[in-house]
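Asks: Have a look at this one.
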Amino acid sequence: MPETALRAADVLARRLYAAGCRHAFGMPGGEVLTLVDALERAGIAFHLTKHENAAGFMAEGVHHRDGAPGILVATLGPGAMNGVNVIANALQDRVPLIVLTGCVDEDEALSYTHQVMDHAAVFAPLTKGSWRLTPQGAGIVADKAISVAMSPRQGPVHIDVPISVADAEAPAPAPLVRAKPATVVPTGPDLATARDVLAKAKRPLAVIGLDVLADGSQRVLQAFVEHFGIPFITTYKAKGVITEDHPLCLGAAGLSPLADQHLLPLVQQADLVLAIGYDPIEMRPGWRNAWDPARQTVIDLCAEPNTHDMHHATLSFVADTGATLEALAQGLSGQQTWPGNEIAQTQAALTAAFPADEDWGPAAVIDETRQALPDTTLATADSGAHRILLSQMWHCSEPKGLVQSSGFCTMGCAAPLAIGLKLVEPNRPVVSFSGDAGMLMVAGDLATAAELNTPVIFVVFVDASLALIELKQRQRQMPNRGVDFGHHDFAAIGRAFGGNGVTVRNRADLRAALTTAISADRFTVIAAEIDKGAYDGRI
């Protein structure tokens, strides 16, 4: 092949670069070496990680800051299978992730079986689409994958790249011309009905979800709730879509029974519920049918038709969020809402339910960290008891100020997510919150943080227990089994992998550690040791 000729892998890589991708993550095998080479030649940096699952979360972290789809690269067989968890997470957490796997050529697979398996069959239920790269169709496959991944609701796609195809000469694709879909705006009698209800509502309430971020309607949304005096609740992933110090903000909901004790009664008092970009995949069972369309008007503004039946609505608009809100508001005047002072009372009750003034414990760790770090800090949360408390206490002033897995709720995500965030935002503080069990799952990629020169602050809640599961075990009056493990020196682990490490057992030591960590030239592990049972009554 002439040196100036393009390989199929080059065509794929160039299309990904044109889509805004600048980083790819994974662990290569011989089957993807050409692919890695092509990515680098196209201007997409390939970052070696210690596990494909962590690689996918680093790619997600990058996406949350640059908006381009993330890229996960895995070799055939075990490499691809190591990515199953993070791919499933991308599907349920609506993350556009391009999964590139190597595979043997079809003719060879007829008689060669070592590490050979049907990647597409495995990924079919976990992705929005799967394609096999061909030399002539490399540009088409790339364009399809990017388009499908980025279309509402966003999610992962898979491209299998045969070894010989990656190296095969491919024609330079024509310049991509893809029409941007026109904004869908509702019209007709349903819109008229919705406007009439909105004009008359005395106790309106909004539940806001992730779709709002996907269509960029935050400013319209804020103007809408302010004009009509509509208090709002967000899902965990929509935290900060309107700054959480806003007087109409009731905080986030999702997994906290304690928060639900105060929020759900208010939802049931509303005469109008606006589910704005609300995706109930983030919510616990207590939010199933949280409102009653038989006695409340419920208006659903969402990216996809409701097939989940987690809730039902009086009116449903599958349309652009911002354009729909503008159509609803056109010409209508705002009025006084919630005359009984219920909103202020609920806000006060929520503040009291999650006090920040404990001497030491998980709430003190969160409060001290929030106070010590600037408002520009980006945070990530792993799954576990600490995440529920953090999602209620960590106030966000911007979208994606706190990134977590709240659709799939997988452990082992916070640390690699934080590394991805820091790669794109090197001048902003980034803090990762993990339980000790979650950190043990991904501790090897602390070495990646050192190698990539990403000075993240890793806060680890150390109680030598699966605290949330242990709490549920006790609530069911079951004996303690399978939830406790050894007490490990996480500060020493941090130092062993090339960073700083410190153990803290009080607020003063934590404040000192944070002050040092924020100006450090390498990552810092802060092991915050707390008592077992420290979450009792707090989540």
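Chains: A, B, ... in order of the structure tokens. Residues: from 1 per chain. Ligands: from 1, in order shown.
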At a cut-off of 6 Å, using only C-alpha atoms, what residues contact stretch 61-67 of chain A? Leave out same-chain residues fewer than 5 positions from it and give the result as a list in words.

Replies: Leu417, Gly420 and Leu421 of chain A

Asks: List the spatial neighbours of A:Ile163 as a list of chain:residue names - criterion: any atom at most 9 Å away, only C-alpha atoms, same-chain residues fewer than 3 positions off excluded.

Replies: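 Near A:Ile163, the qualifying residues are A:Gly30, A:Glu31, A:Val32, A:Leu33, A:Thr34, A:Gly102, A:Cys103, A:Val104, A:Asp105, A:Ala166, A:Asp167, A:Ala168.
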
Asks: Pick out each residue of stretch 103-189 of chain A that DSSP on the backbone tags as strand (DSSP E or B); I need them as a PyMOL selection string.

Replies: chain A and resi 103+130-132+157-162+169-170

Asks: Go ahead and save the picked residues with C-alpha atoms, as an mmCIF file, in the first residue's frame.

Replies:
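Written out: result_6.cif:
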```cif
data_model
loop_
_atom_site.group_PDB
_atom_site.id
_atom_site.type_symbol
_atom_site.label_atom_id
_atom_site.label_comp_id
_atom_site.auth_asym_id
_atom_site.auth_seq_id
_atom_site.Cartn_x
_atom_site.Cartn_y
_atom_site.Cartn_z
ATOM 1 C CA CYS A 103 -11.334 -9.181 16.091
ATOM 2 C CA SER A 130 -23.006 -2.550 16.451
ATOM 3 C CA TRP A 131 -21.125 -2.598 13.140
ATOM 4 C CA ARG A 132 -18.215 -4.492 11.590
ATOM 5 C CA VAL A 157 -22.144 1.976 20.140
ATOM 6 C CA HIS A 158 -19.746 -0.759 19.063
ATOM 7 C CA ILE A 159 -17.440 -1.155 16.056
ATOM 8 C CA ASP A 160 -15.643 -4.478 15.545
ATOM 9 C CA VAL A 161 -12.422 -4.006 13.564
ATOM 10 C CA PRO A 162 -10.988 -7.139 11.877
ATOM 11 C CA GLU A 169 -6.410 0.391 1.860
ATOM 12 C CA ALA A 170 -9.592 2.432 2.005
#
```

Asks: What is the atom CA of A:Asp93 to atom CA of A:Phe408 distance in Å?

Replies: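 Separation between atom CA of A:Asp93 and atom CA of A:Phe408: 6.4 Å.
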
Asks: Mind giving me the straight-line distance from atom CA of A:Ala42 to atom CA of A:Asn89 in Å, one decimal?

Replies: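 We find that atom CA of A:Ala42 and atom CA of A:Asn89 lie 27.8 Å from each other.
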
Asks: Give the alpha helix (DSSP H) residues of stretch 191-344 of chain A, as assigned by DSSP on the backbone, as a ChimeraX atom specification.

Replies: /A:191-200,211-214,218-228,257-269,321-329,342-344

Asks: Produce a file of the selected residues containing N, CA and C atoms, as a compact mmCIF listing (two decimals), in the first residue's frame.

Replies:
```
# COMPACT_ATOMS: atom_id res chain seq x y z
N LEU A 191 -51.14 21.35 23.27
CA LEU A 191 -50.38 22.53 23.71
C LEU A 191 -51.32 23.56 24.32
N ALA A 192 -52.47 23.77 23.72
CA ALA A 192 -53.44 24.73 24.26
C ALA A 192 -53.91 24.31 25.65
N THR A 193 -54.15 23.01 25.82
CA THR A 193 -54.57 22.51 27.14
C THR A 193 -53.47 22.73 28.17
N ALA A 194 -52.23 22.42 27.79
CA ALA A 194 -51.11 22.58 28.71
C ALA A 194 -50.94 24.05 29.11
N ARG A 195 -51.08 24.95 28.16
CA ARG A 195 -50.96 26.38 28.47
C ARG A 195 -52.06 26.84 29.42
N ASP A 196 -53.25 26.32 29.23
CA ASP A 196 -54.36 26.70 30.10
C ASP A 196 -54.11 26.22 31.53
N VAL A 197 -53.64 25.00 31.66
CA VAL A 197 -53.34 24.45 32.99
C VAL A 197 -52.22 25.25 33.66
N LEU A 198 -51.18 25.56 32.90
CA LEU A 198 -50.05 26.32 33.43
C LEU A 198 -50.50 27.69 33.93
N ALA A 199 -51.37 28.35 33.18
CA ALA A 199 -51.83 29.69 33.56
C ALA A 199 -52.62 29.67 34.86
N LYS A 200 -53.28 28.54 35.16
CA LYS A 200 -54.17 28.47 36.33
C LYS A 200 -53.52 27.78 37.54
N ASP A 211 -32.23 15.00 30.22
CA ASP A 211 -32.49 15.41 28.84
C ASP A 211 -32.26 16.90 28.63
N VAL A 212 -32.45 17.69 29.68
CA VAL A 212 -32.28 19.14 29.58
C VAL A 212 -30.85 19.48 29.17
N LEU A 213 -29.88 18.72 29.69
CA LEU A 213 -28.49 18.97 29.35
C LEU A 213 -28.19 18.59 27.91
N ALA A 214 -28.83 17.54 27.44
CA ALA A 214 -28.56 17.05 26.09
C ALA A 214 -29.01 18.04 25.03
N GLN A 218 -30.82 24.95 29.32
CA GLN A 218 -30.75 25.36 30.72
C GLN A 218 -31.24 26.79 30.94
N ARG A 219 -30.83 27.71 30.08
CA ARG A 219 -31.21 29.11 30.28
C ARG A 219 -32.71 29.32 30.12
N VAL A 220 -33.28 28.68 29.11
CA VAL A 220 -34.73 28.78 28.91
C VAL A 220 -35.45 28.17 30.11
N LEU A 221 -34.94 27.04 30.59
CA LEU A 221 -35.54 26.39 31.75
C LEU A 221 -35.54 27.31 32.96
N GLN A 222 -34.40 27.94 33.25
CA GLN A 222 -34.33 28.82 34.42
C GLN A 222 -35.30 30.00 34.27
N ALA A 223 -35.35 30.59 33.09
CA ALA A 223 -36.28 31.70 32.88
C ALA A 223 -37.72 31.25 33.06
N PHE A 224 -38.02 30.04 32.63
CA PHE A 224 -39.38 29.50 32.72
C PHE A 224 -39.82 29.31 34.18
N VAL A 225 -38.99 28.64 34.98
CA VAL A 225 -39.39 28.38 36.38
C VAL A 225 -39.45 29.69 37.17
N GLU A 226 -38.57 30.62 36.86
CA GLU A 226 -38.60 31.91 37.55
C GLU A 226 -39.85 32.70 37.19
N HIS A 227 -40.21 32.72 35.92
CA HIS A 227 -41.37 33.49 35.48
C HIS A 227 -42.66 32.97 36.12
N PHE A 228 -42.78 31.64 36.22
CA PHE A 228 -44.02 31.06 36.74
C PHE A 228 -43.92 30.67 38.21
N PRO A 257 -34.07 7.63 50.79
CA PRO A 257 -35.38 7.56 51.45
C PRO A 257 -35.62 8.74 52.39
N LEU A 258 -34.54 9.24 53.00
CA LEU A 258 -34.68 10.37 53.93
C LEU A 258 -35.14 11.62 53.18
N ALA A 259 -34.54 11.90 52.02
CA ALA A 259 -34.98 13.05 51.23
C ALA A 259 -36.40 12.84 50.72
N ASP A 260 -36.71 11.61 50.33
CA ASP A 260 -38.04 11.33 49.80
C ASP A 260 -39.15 11.59 50.83
N GLN A 261 -38.83 11.43 52.10
CA GLN A 261 -39.83 11.70 53.14
C GLN A 261 -40.35 13.13 53.06
N HIS A 262 -39.53 14.04 52.57
CA HIS A 262 -39.92 15.44 52.48
C HIS A 262 -40.34 15.85 51.07
N LEU A 263 -39.77 15.21 50.05
CA LEU A 263 -40.05 15.61 48.68
C LEU A 263 -41.32 14.99 48.13
N LEU A 264 -41.53 13.70 48.38
CA LEU A 264 -42.68 13.03 47.78
C LEU A 264 -44.02 13.60 48.26
N PRO A 265 -44.19 13.94 49.55
CA PRO A 265 -45.44 14.57 49.95
C PRO A 265 -45.69 15.89 49.21
N LEU A 266 -44.64 16.64 48.95
CA LEU A 266 -44.79 17.90 48.23
C LEU A 266 -45.22 17.63 46.78
N VAL A 267 -44.63 16.61 46.16
CA VAL A 267 -45.02 16.23 44.81
C VAL A 267 -46.51 15.91 44.76
N GLN A 268 -46.98 15.21 45.77
CA GLN A 268 -48.38 14.80 45.78
C GLN A 268 -49.34 15.95 46.07
N GLN A 269 -48.82 17.04 46.64
CA GLN A 269 -49.65 18.23 46.87
C GLN A 269 -49.77 19.10 45.63
N THR A 321 -36.78 20.41 24.56
CA THR A 321 -37.20 20.94 25.86
C THR A 321 -37.35 22.45 25.84
N GLY A 322 -36.30 23.15 25.38
CA GLY A 322 -36.34 24.60 25.41
C GLY A 322 -37.44 25.17 24.54
N ALA A 323 -37.59 24.64 23.32
CA ALA A 323 -38.63 25.13 22.42
C ALA A 323 -40.02 24.88 22.98
N THR A 324 -40.21 23.75 23.64
CA THR A 324 -41.50 23.44 24.23
C THR A 324 -41.82 24.38 25.38
N LEU A 325 -40.83 24.65 26.23
CA LEU A 325 -41.05 25.59 27.34
C LEU A 325 -41.40 26.98 26.81
N GLU A 326 -40.74 27.40 25.76
CA GLU A 326 -41.05 28.71 25.17
C GLU A 326 -42.47 28.74 24.60
N ALA A 327 -42.87 27.64 23.96
CA ALA A 327 -44.23 27.57 23.42
C ALA A 327 -45.28 27.58 24.53
N LEU A 328 -44.98 26.92 25.64
CA LEU A 328 -45.90 26.91 26.78
C LEU A 328 -46.04 28.30 27.39
N ALA A 329 -44.93 29.02 27.46
CA ALA A 329 -44.91 30.29 28.20
C ALA A 329 -45.39 31.48 27.37
N GLU A 342 -45.23 26.30 51.66
CA GLU A 342 -44.78 24.91 51.72
C GLU A 342 -43.35 24.74 51.20
N ILE A 343 -42.94 25.56 50.25
CA ILE A 343 -41.61 25.39 49.66
C ILE A 343 -40.53 25.72 50.68
N ALA A 344 -40.65 26.86 51.34
CA ALA A 344 -39.67 27.24 52.35
C ALA A 344 -39.63 26.23 53.48
```

Asks: Stretch 382-386 of chain A: which residues within 6 Å, counting only C-alpha atoms, same-chain residues fewer than 6 positions away excluded, as JSON, numbers by chain?

Replies: {"A": [409, 410, 411, 413, 414, 434, 468]}

Asks: Mind dumping the selected residues with C-alpha atoms as a CSV table (one decimal), in the first residue's frame?

Replies:
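Contents of the output file again_23.csv:
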```csv
chain,number,residue,atom,x,y,z
A,409,CYS,CA,-25.2,2.6,39.9
A,410,THR,CA,-21.9,0.7,39.4
A,411,MET,CA,-19.0,0.8,41.8
A,413,CYS,CA,-16.4,4.6,38.6
A,414,ALA,CA,-15.5,7.7,40.6
A,434,SER,CA,-15.1,6.6,46.9
A,468,LEU,CA,-25.0,0.6,52.4
```

Asks: Which residue out of A:Trp338, A:Gln92, A:Ala68, A:Ala415 has the minimum interatomic distance to A:Asp279 when only C-alpha atoms are used?

Replies: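 Smallest distance to A:Asp279 is found for A:Gln92.
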
Asks: When distances are computed from only C-alpha atoms, which of A:Asp245, A:Glu52, A:Asp463, A:Asp118 shows the smallest separation from A:Trp394?

Replies: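 Ranking A:Asp245, A:Glu52, A:Asp463, A:Asp118 by distance to A:Trp394, first place goes to A:Asp245.
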
Asks: Name all residues at most 9 Å from A:Gly137 (count only C-alpha atoms; drop same-chain ones fewer than 6 positions away) and give them as a ChimeraX atom specification.

Replies: /A:8,170-171,173

Asks: Quick one: residues within 12 Å of A:Ile146, only C-alpha atoms, excluding same-chain residues fewer than 5 positions away - as a ChimeraX atom specification?

Replies: /A:12-13,15-21,68-71,96-99,128-131,139-141,151,154-159,176,178

Asks: Counting only C-alpha atoms, figure out which residue out of A:Met441, A:Leu510, A:Val460, A:Ala124 gets nearest to A:Gly494.

Replies: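 Checking each of A:Met441, A:Leu510, A:Val460, A:Ala124 against A:Gly494, counting only C-alpha atoms, the winner is A:Val460.
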
Asks: Record the distance separating atom CA of A:Phe433 and atom CA of A:Pro78, expressed in Å with one decimal.

Replies: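 So the answer is 28.9 Å.
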
Asks: Find the residues around stretch 316-319 of chain A up to 8 Å (only C-alpha atoms counted), leave out those fewer than 6 positions away in its own chain, and share them as a VMD selection string.

Replies: chain A and resid 183 to 186 299 to 305

Asks: Show me, as a VMD selection string, the residues that have an atom within 8 Å of A:Ala238 when counting only C-alpha atoms, minus same-chain residues fewer than 6 positions from it.

Replies: chain A and resid 208 to 210 212 to 213 399 to 400

Asks: From the options A:Ala520, A:Val84, A:Leu390, A:Leu332, which residue's atoms come nearest to A:Ala252, counting only C-alpha atoms?

Replies: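 Answer, going by the shortest atom-to-atom distance: A:Leu390.
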
Asks: With only C-alpha atoms as the basis for distance, which of A:Ala381, A:Leu389, A:Leu248, A:Val207 is at the shortest distance from A:Thr346?

Replies: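 Residue with the minimum atom-to-atom distance to A:Thr346: A:Leu248.
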
Asks: Measuring atom to atom with only C-alpha atoms, identify which of A:Ala174, A:Ala120, A:Val86, A:Leu514 is nearest to A:Pro429.

Replies: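 Among A:Ala174, A:Ala120, A:Val86, A:Leu514, it is A:Leu514 that comes nearest to A:Pro429.
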